[in-house]
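Peer 1: Sharing a structure below in structure tokens format, with a few things to ask.
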Amino acid sequence: RRRCKEFINWLLQQRHGSVTIPDVSGRDDATEMYVPQNCKGWVTGNRGSELRRMEQETGTYMFMALDQRGDERLIIFCHDPGSKSSSTGRMAAERLVNEMVQEKLRDDGGRGRSDSRSPSRGRRSRSRSSRGSRSRGRRSPS
């Protein structure tokens, strides 16, 4: 019940601005990831759509929050830590986020571009049964 209240409070705080969670190191249900600045918009998606997609796929709850220094990082919450081969839990969510970061860095071609709302960004709708296929739904440059 305590965790549920925390999650709901954080969710409601997001409606009014950034959420600060100083330290998650003592929690057994959280993983934090620092996402490169030029990848944050890509990873979160329009109004959080990519985070919500990854949450649904992995059974996690995640959002961007400030740490004690004011640095923004992604926190992934779930009672299930996951495993290297599991499709659910925090490790699975972390893998998906890392894939998105790598995809963004590859697409930028090392140019350091910070525009995360590229018109060439395709919607990724990958079902559990099509995991082996890494089709990204990219459009050809016109």
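So you can find residues: chains in the structure tokens are A, B, ... in the order shown, residues in each start at 1, and ligands are numbered from 1 in order.
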Can you tell me, as a list in words, which residues in range 10-121 of chain A count as strand (DSSP E or B) by DSSP?
Peer 2: Thr20, Ala30, Thr31, Glu32, Met33, Tyr61, Met62, Phe63, Met64, Ala65, Leu66, Glu72, Arg73, Leu74, Ile75, Ile76 and Phe77 of chain A
Peer 1: Set the distance at 12 Å and use only C-alpha atoms: which residues neighbour Thr31 in chain A once local chain neighbours fewer than 4 positions away are removed? I'd like the list as a VMD selection string.
Peer 2: chain A and resid 23 to 27 60 to 64 73 to 82 89 to 95 97
Peer 1: Please indicate the distance in Å from CA of Glu32 in chain A to CA of Leu51 in chain A, rounded to one decimal place.
Peer 2: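 CA of Leu51 in chain A lies 14.0 Å from CA of Glu32 in chain A.
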Peer 1: Which polymer residues have any atom within 10 Å of an atom of Asn98 in chain A, counting only C-alpha atoms, with same-chain residues fewer than 6 positions away left out, as an MDAnalysis selection string?
Peer 2: chainID A and resid 33 35 43 92 104
Peer 1: Set the distance at 9 Å and use only C-alpha atoms: which residues neighbour Lys40 in chain A once local chain neighbours fewer than 4 positions away are removed? I'd like the list as a list in words.
Peer 2: Val35, Pro36, Thr44, Gly45, Met64, Val101 and Ser116 of chain A
Peer 1: Go ahead and compute the interatomic distance for CA of Cys39 in chain A and CA of Glu99 in chain A, in Å to one decimal.
Peer 2: 11.2 Å
Peer 1: Just give me the gap between CA of Arg69 in chain A and CA of Leu11 in chain A in Å, one decimal is fine.
Peer 2: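 According to the coordinates, CA of Arg69 in chain A and CA of Leu11 in chain A are separated by 21.0 Å.
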Peer 1: I'd like to know which of A:Ser49, A:Thr20, A:Gln13, A:Asn38 is closest to Leu105 in chain A, using only C-alpha atoms.
Peer 2: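 Between A:Ser49, A:Thr20, A:Gln13, A:Asn38, the residue approaching Leu105 in chain A most closely is A:Asn38.
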